[in-house]
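Please read the structure below before turning to the comments.
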Amino acid sequence: MYKLVAIDLDGTLLDSYGQVSERNKNAIQKAVDLGTKVVLASGRGTMSVRNFATEINANEYMICGNGSIVYDLKNEERIYEKFLSQKKVLQLIKICEENSIYYSICTEKGIIAKSLNYNVLFYNHENANKPDNKQTKLYITDNVYQYILEREETDYTKMTICDDNNVIFKSIIRKLRDVKGINVLDVGHMTRKLMKLGTEVYSIEYYYTEITNEDTNKWNAINFLIEKLGINKEEVIAIGDNVNDQTMLENAGLGVTMANSASYIQKMGNVITDTNNDDGVAKAIEKYILCE
C-alpha cells in the first residue's frame with residue numbers, strides 16, 4: 001500500500017492554464033480520506049504552493065523551491081531548508097547581467113525580477129484571477145543586484161534563467177556550470193504555458209533552467225519527510241513531468257510521469273499516466289491508490 005504521494009504542480013497537477021480539474025481534486029480527496037499523505041512538491045514558492053495545497057485539501061506538508069523547503073502546514077513552520085546564500089545569488093546575478101540574459105530570483109515570499117517576462121509574465125497573469133492574499137508576490141526592480149544587496153532576508157530558494165534562443169541559452173548554461181556550490185537543472189526542451197485573455201489564447205514558450213543550492217532536490221526533501229514520518233521509499237508514489245522531478249521519479253517506490261512530458265522525461269519513471277490536461281494525476285491515484 002502506498003502511504004504518500006508527492007505531486008508536482010506545473011505540467012502535472014495543473015493544466016496548461018494553471019488550474020486544478022475537479023476530477024483531480026476528487027481523487028486527491030479520496031486518497032486523503034484513506035489516510036494517504038498527499039504532498040505537493042513544486043519549484044514554486046511557499047505562498048503559491050500553499051494556495052494549491054489548500055485548494056486540494058492537502059494540508060499537512062508541502063515541498064517548495066524544488067526541495068529547498070519542507071513546510072509543516074499544521075504547525076506553520078519550516079522543518080527543512082536549503083537556501084542559496086546571498087553571496088551566491090549576487091555572483092549569479094553578475095553572470096546573467098554580463099550576458100544580458102533574463103533571470104528571476106525566488107524567495108519564500110515571492111519572485112524578484114527586472115521585468116515581466118517568460119515565467120514571471122505567466123505568474124503575473126495567474127495573479128489577475130486571484131485575490132491579493134493568494135497571489136504570487138512579484139517584486140519588479142531595475143537594479144536587482146542592489147535590491148538583493150540591501151535585502152535583510154536570506155530565504156533564496158532558487159534562480160530561474162530563461163531565453164527563447166537556444167544558442168544563447170546553452171551559452172549561459174556552460175558558464176553557470178563553472179560556478180561551485182550550486183545545482184543547475186539540465187532542461188533539454190522548451191517549456192510552454194498558455195494564457196487566456198478574453199476569448200484569445202496566448203502561448204509563452206522558452207528555454208529555462210533552475211539553480212538551487214547544491215544537493216537540493218525534491219527527493220532529498222521527500223526523503224527527509226518520510227524518515228520523519230516512518231514511511232519507506234517503496235511506499236511513495238511520485239508524479240511529475242520535468243527534469244526537476246527526476247530524483248523523486250527515480251527514487252520513489254513508483255515513479256509516474258505525465259503523457260505531456262518529453263520522451264526522455266518519461267523514461268525516468270516506472271509508468272506513464274495521461275496528460276495534465278486530461279486528469280493524468282487523478283487517473284494515477286485512482287489506479288494505484290484507490291484501486292478503481
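In the C-alpha cells, chains take letters A, B, ... by order of appearance, with residues numbered from 1 within each chain and ligands from 1 in the order shown.
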I need the alpha helix (DSSP H) residues of range 32-186 of chain A per DSSP on the backbone, written as a ChimeraX atom specification.
/A:32-33,46-56,86-98,118-127,144-150,166-176
Pull the closest atom pair for each residue of range 10-107 of chain A that gets at most 7 Å from range 160-163 of chain A, along with the distance in Å to one decimal, counting only C-alpha atoms, ordering rows by chain and then ascending residue number, as a Markdown table.
```
| residue | atom | partner | partner_atom | distance |
| --- | --- | --- | --- | --- |
| A:Ile101 | CA | A:Asp163 | CA | 6.8 |
| A:Tyr102 | CA | A:Cys162 | CA | 5.5 |
| A:Tyr103 | CA | A:Ile161 | CA | 4.3 |
| A:Ser104 | CA | A:Thr160 | CA | 5.3 |
| A:Ile105 | CA | A:Thr160 | CA | 6.5 |
```
Once you count only C-alpha atoms, what closest atom pair and distance in Å to one decimal does each residue of range 122-166 of chain A within 9 Å of range 42-64 of chain A have, with rows by chain and rising residue number, as a Markdown table?
```
| residue | atom | partner | partner_atom | distance |
| --- | --- | --- | --- | --- |
| A:Asn133 | CA | A:Met47 | CA | 8.9 |
| A:Lys134 | CA | A:Asn51 | CA | 6.2 |
| A:Gln135 | CA | A:Ser48 | CA | 7.0 |
| A:Thr136 | CA | A:Ser48 | CA | 5.7 |
| A:Lys137 | CA | A:Met47 | CA | 8.3 |
| A:Thr157 | CA | A:Gly45 | CA | 7.7 |
| A:Lys158 | CA | A:Gly43 | CA | 8.3 |
```
File of the preceding selection, all heavy atoms, as a compact mmCIF listing (two decimals), in the first residue's frame:
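Done, and the output landed in selection38.txt:
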```
# COMPACT_ATOMS: atom_id res chain seq x y z
N ASN A 133 -4.47 38.07 -1.27
CA ASN A 133 -3.81 37.21 -0.29
C ASN A 133 -3.42 35.84 -0.85
O ASN A 133 -2.79 35.04 -0.16
CB ASN A 133 -4.71 37.02 0.94
CG ASN A 133 -6.00 36.27 0.62
OD1 ASN A 133 -6.46 36.27 -0.51
ND2 ASN A 133 -6.59 35.65 1.62
N LYS A 134 -3.77 35.57 -2.11
CA LYS A 134 -3.40 34.29 -2.72
C LYS A 134 -2.50 34.46 -3.95
O LYS A 134 -2.21 33.51 -4.65
CB LYS A 134 -4.66 33.51 -3.09
CG LYS A 134 -5.43 33.02 -1.88
CD LYS A 134 -6.53 32.05 -2.28
CE LYS A 134 -7.21 31.47 -1.04
NZ LYS A 134 -8.24 30.47 -1.39
N GLN A 135 -2.05 35.68 -4.18
CA GLN A 135 -1.21 35.94 -5.33
C GLN A 135 0.26 35.61 -5.05
O GLN A 135 0.71 35.67 -3.91
CB GLN A 135 -1.33 37.40 -5.75
CG GLN A 135 -2.69 37.78 -6.29
CD GLN A 135 -2.75 39.23 -6.72
OE1 GLN A 135 -1.78 39.97 -6.63
NE2 GLN A 135 -3.92 39.65 -7.19
N THR A 136 0.97 35.26 -6.12
CA THR A 136 2.42 35.14 -6.03
C THR A 136 2.99 36.55 -6.05
O THR A 136 2.81 37.28 -7.02
CB THR A 136 2.98 34.34 -7.23
OG1 THR A 136 2.43 33.02 -7.22
CG2 THR A 136 4.50 34.25 -7.16
N LYS A 137 3.64 36.95 -5.00
CA LYS A 137 4.14 38.32 -4.90
C LYS A 137 5.31 38.52 -5.88
O LYS A 137 6.27 37.76 -5.88
CB LYS A 137 4.59 38.64 -3.47
CG LYS A 137 3.49 38.48 -2.43
CD LYS A 137 2.28 39.36 -2.74
CE LYS A 137 1.19 39.19 -1.71
NZ LYS A 137 -0.05 39.94 -2.05
N THR A 157 15.35 30.56 -2.49
CA THR A 157 15.13 29.15 -2.79
C THR A 157 15.75 28.73 -4.12
O THR A 157 16.31 27.64 -4.24
CB THR A 157 13.62 28.83 -2.83
OG1 THR A 157 12.98 29.69 -3.79
CG2 THR A 157 12.99 29.06 -1.45
N LYS A 158 15.66 29.59 -5.12
CA LYS A 158 16.23 29.24 -6.43
C LYS A 158 16.29 30.47 -7.32
O LYS A 158 15.68 31.50 -7.03
CB LYS A 158 15.38 28.16 -7.11
CG LYS A 158 14.00 28.64 -7.55
CD LYS A 158 13.24 27.57 -8.33
CE LYS A 158 11.90 28.12 -8.83
NZ LYS A 158 11.16 27.15 -9.65
```
By how many Å are CA of Ile182 in chain A and CA of Leu149 in chain A apart?
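The value is 19.4 Å.
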A straight line from CA of Asn270 in chain A to CA of Glu234 in chain A spans 12.6 Å
Measuring between only C-alpha atoms, which one of A:Tyr80, A:Tyr123, A:Tyr2, A:Tyr17 shows the shortest distance to Asn276 in chain A?
A:Tyr17
Within 7 Å of Thr36 in chain A using only C-alpha atoms, minus same-chain residues under 5 positions, as a ChimeraX atom specification
/A:3-4,31
Suppose we keep C-alpha atoms; can you now write the selection as a short mmCIF file (atom, residue, chain, number, x, y, z; two decimals), in the first residue's frame?
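Just written: part_31.cif:
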```cif
data_model
loop_
_atom_site.label_atom_id
_atom_site.label_comp_id
_atom_site.auth_asym_id
_atom_site.auth_seq_id
_atom_site.Cartn_x
_atom_site.Cartn_y
_atom_site.Cartn_z
CA LYS A 3 1.30 5.80 2.10
CA LEU A 4 2.49 9.05 0.47
CA ALA A 31 -6.80 9.44 -1.18
#
```
Which one of A:Glu153, A:Asp132, A:Asp142, A:Glu205 sits closest to Tyr118 in chain A if you count only C-alpha atoms?
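Closest residue, counting only C-alpha atoms: A:Glu205.
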Give the strand (DSSP E) residues of range 56-147 of chain A, as DSSP finds them on the backbone, and put them as JSON, numbers by chain.
{"A": [61, 62, 63, 64, 69, 70, 71, 72, 77, 78, 79, 80, 81, 102, 103, 104, 105, 106, 107, 110, 111, 112, 113, 137, 138, 139, 140]}
Nearest to Val256 in chain A, chosen from A:Glu98, A:Glu214, A:Asp178, A:Asp8, with only C-alpha atoms counted in the distances:
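The answer is A:Asp8, which sits nearest to Val256 in chain A.
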Using only C-alpha atoms, find each residue in range 68-128 of chain A having at least one atom no more than 9 Å away from range 193-198 of chain A; report its shortest atom-to-atom pair and that distance in Å (one decimal), rows by chain then rising number, as CSV.
```
residue,atom,partner,partner_atom,distance
A:Asn119,CA,A:Lys193,CA,8.5
A:Phe122,CA,A:Met195,CA,7.2
A:His125,CA,A:Met195,CA,7.1
A:Glu126,CA,A:Met195,CA,8.3
```
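In this comparison, which uses only C-alpha atoms, the residue of A:Gly110, A:Gly18, A:Pro131, A:Gly35 approaching Ile289 in chain A most closely is A:Gly35.
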